[in-house]
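Heads up, the thing below is written out as structure tokens.
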Amino acid sequence: MPSPFPKPGLRVFTLLLLHFTYLTHAIPLQHNNALRILHRQNPTPPPDLDPFYSAPPGLNASSPGDILRYRPVPYPIAAFNTTILNIAAAFHIQYRTTDSLGNPEAAMTTLLIPLNADPAKLLSYQIAEDSAFQSCSPSYALQKTSASNVTSSIELAFIEAALNKGWYVVTPDFEGPKSAFEAGPQAGHAVLDSLRAVLQSTAFSNITEEPRTALWGYSGGAFASNWALELQASYAPELNFVGAATGGTINNIAGAFSAINNGTLAGLIPTSFMGLAAAYPDFSEALEEELVPETAATFKTVLTECSSGDSSAFTEQDMLSYFKTGAAFLNTSIVQSTLNKVNIGKHVPVTPLYIYKSINDEVSPISDTDVFVDFYCEGGADVEYRRDEVSGHVTLAITGAGEALVWLEERMAGVAVQSECRTTSVVSTLLDPVGVLALGDIVVGALLGYLAGMLESLK
């Protein structure tokens, strides 16, 4: 009996996992050098030097989701600064949103229109920017001549898979102009207002006024997606979603800090703290007072690096040593209250959900996700929860993408979900041949992008 798994696809998959792990753990120093060089040579100015990103007059008089301005994306959308995405059009849309404190803010989103587009289908894909540096935002990082963020380039493979189905795809800079990483309300508002803006773009995008709309995100992108889903009923009740896929979800940030400290991803801790400081002035003041003076500048280097650089700079460090009172700082009222403001799991979404998580997730314990899924289910949400036994946080981003894409495709096609919660533990999502076949296009696209980047670097 022939195997249900296409052997070439699995070989490609294995190679990509190795390359993806290498990219996220071994390349950062080279990438950071390229980042600095490209900022000097790059014909596309970074956001802080691009007037298009500046808030225009009249911002306060606008409503959430209003389009403030738009333009064709100046340079082609490309992975690793080399592999250009073959699409019909791409637009930058600046729109009005609301920060975590309720203040009006001008944010950016990128709308991608595929060849043979179906204007009645729209996917909002939230990229895991995981950075406190605005030059790592998707609107800039996805351009060919930008100082490309490695994570954004990898996730462009997932976006391309959606585009290949004819879906419009929008990917918002949900951290906002201040790069407020981990500021949950900010992220949720930005995702919802990005969609409001896209629905107002018919004159130049040709999208229908009421497309079938879905959300997708992994890790930091799942965090933003879940916040959008939890806020949708109160903040944007006019929006309707057919479904949302969120993977590697982090719902307990303090638990994640404990899991990653002293590890290869310890750099996410200073990135989170500086992101929260950008969103909450009282937290910023407390952090400034708490940082050890001799190492404060090192802690703040995350303000000029993307996620790969943060990981490289702080790998296997005890980040608590940067605080005067060490671990005690995490238990102060200001830290606890701020983390409580940004953790998801406060409101039950009305949108059907597909949630996938590694049982061995090294960033966010599976037990934390079990708790928040139970909260959703007890509140009446429709959730299909897939627990994967052999993956890790990084690997499930790829191995779980196939099944997530298939689930989203069914929702886009109008296939109804079961009106109940279902939890399934599987050895691997790769054992589903349908998911593997869907994964094939994603993997090949990402691998070709990486190889093209390597070849370009050898010239």
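Labels used: A, B, ... for chains in the order of the structure tokens, numbers from 1 for residues in each chain, and numbers from 1 for ligands as shown.
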- Which polymer residues have any atom within 7 Å of an atom of region 332-337 of chain A, counting only C-alpha atoms, with same-chain residues fewer than 4 positions away left out, as a ChimeraX atom specification? /A:283,328,341
Contacts of region 200-235 of chain A with region 347-363 of chain A up to 9 Å, shortest pair per row, only C-alpha atoms, as a Markdown table:
```
| residue | atom | partner | partner_atom | distance |
| --- | --- | --- | --- | --- |
| A:Asn226 | CA | A:Pro349 | CA | 8.2 |
| A:Trp227 | CA | A:His347 | CA | 8.9 |
| A:Ala228 | CA | A:Pro349 | CA | 8.9 |
| A:Leu229 | CA | A:Pro349 | CA | 5.3 |
| A:Glu230 | CA | A:Pro349 | CA | 4.9 |
| A:Leu231 | CA | A:His347 | CA | 7.3 |
| A:Gln232 | CA | A:Pro349 | CA | 7.6 |
| A:Ala233 | CA | A:Val350 | CA | 7.5 |
```
- For Pro47 (chain A): contacts at 9 Å, only C-alpha atoms, fewer than 4 positions along chain excluded, given as a list in words: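 Those residues are Pro51, Phe52, Tyr53, Ser54, Gln134, Ser135, Ser137, Ser139, Tyr140 and Pro177 of chain A.
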- Task: Check the smallest atom-to-atom distance from each of A:Glu182, A:Glu289, A:Glu160, A:Asp382 to Thr325 (chain A) using only C-alpha atoms, then report the winner.
- Result: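 The shortest atom-to-atom distance to Thr325 (chain A) comes from A:Glu289.
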- Query: Neighbours of Met412 (chain A) within 7 Å (only C-alpha atoms; same-chain residues fewer than 3 positions away dropped), as number ranges by chain?
  - Reply: A: 121, 212, 242, 408-409
- Might you pull out every residue within 8 Å of Ser272 (chain A), with only C-alpha atoms counted and same-chain residues fewer than 2 positions away left off, and present them as JSON, numbers by chain? {"A": [131, 132, 181, 182, 268, 269, 270, 274, 275, 276]}
- Message: Ranking A:Ala297, A:Ala245, A:Asp374, A:Ala404 by minimum distance to Arg422 (chain A) and counting only C-alpha atoms, which one comes first?
- Response: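 The answer is A:Asp374, which sits nearest to Arg422 (chain A).
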- Query: When DSSP works through the backbone of this structure, what residues of region 38-231 of chain A end up as helix (DSSP H, G or I), shown as a PyMOL selection string?
  - Reply: chain A and resi 38-41+47-49+51-53+59-61+134-136+138-141+150-163+184-199+202-205+220-231
- Item | Near-region 72-78 of chain A list (6 Å; only C-alpha atoms; drop same-chain fewer than 5 positions) as a ChimeraX atom specification | /A:83-85,90-92,142-144
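Of the residues listed (A:Ala279, A:Ala128, A:Ala296, A:Met319), A:Met319 shows the shortest atom-to-atom separation from Thr264 (chain A); distances use only C-alpha atoms.
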- Query: Per DSSP on the backbone, what are the strand (DSSP E) residues of region 40-235 of chain A, as JSON, numbers by chain?
  - Reply: {"A": [67, 68, 69, 70, 71, 72, 78, 79, 83, 84, 89, 90, 91, 92, 93, 94, 95, 96, 97, 98, 104, 105, 106, 107, 108, 109, 110, 111, 112, 113, 121, 122, 123, 124, 125, 126, 168, 169, 170, 171, 172, 212, 213, 214, 215, 216, 217, 218]}
- Query: In Å, with one decimal, what is the gap from CA of Tyr385 (chain A) to CA of Glu210 (chain A)?
  - Reply: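 Going from CA of Tyr385 (chain A) over to CA of Glu210 (chain A) covers 28.1 Å.
Proximity ranking of A:Leu405, A:Leu431, A:Val342, A:Ala416 relative to Gly188 (chain A) places A:Val342 first, based on only C-alpha atoms.
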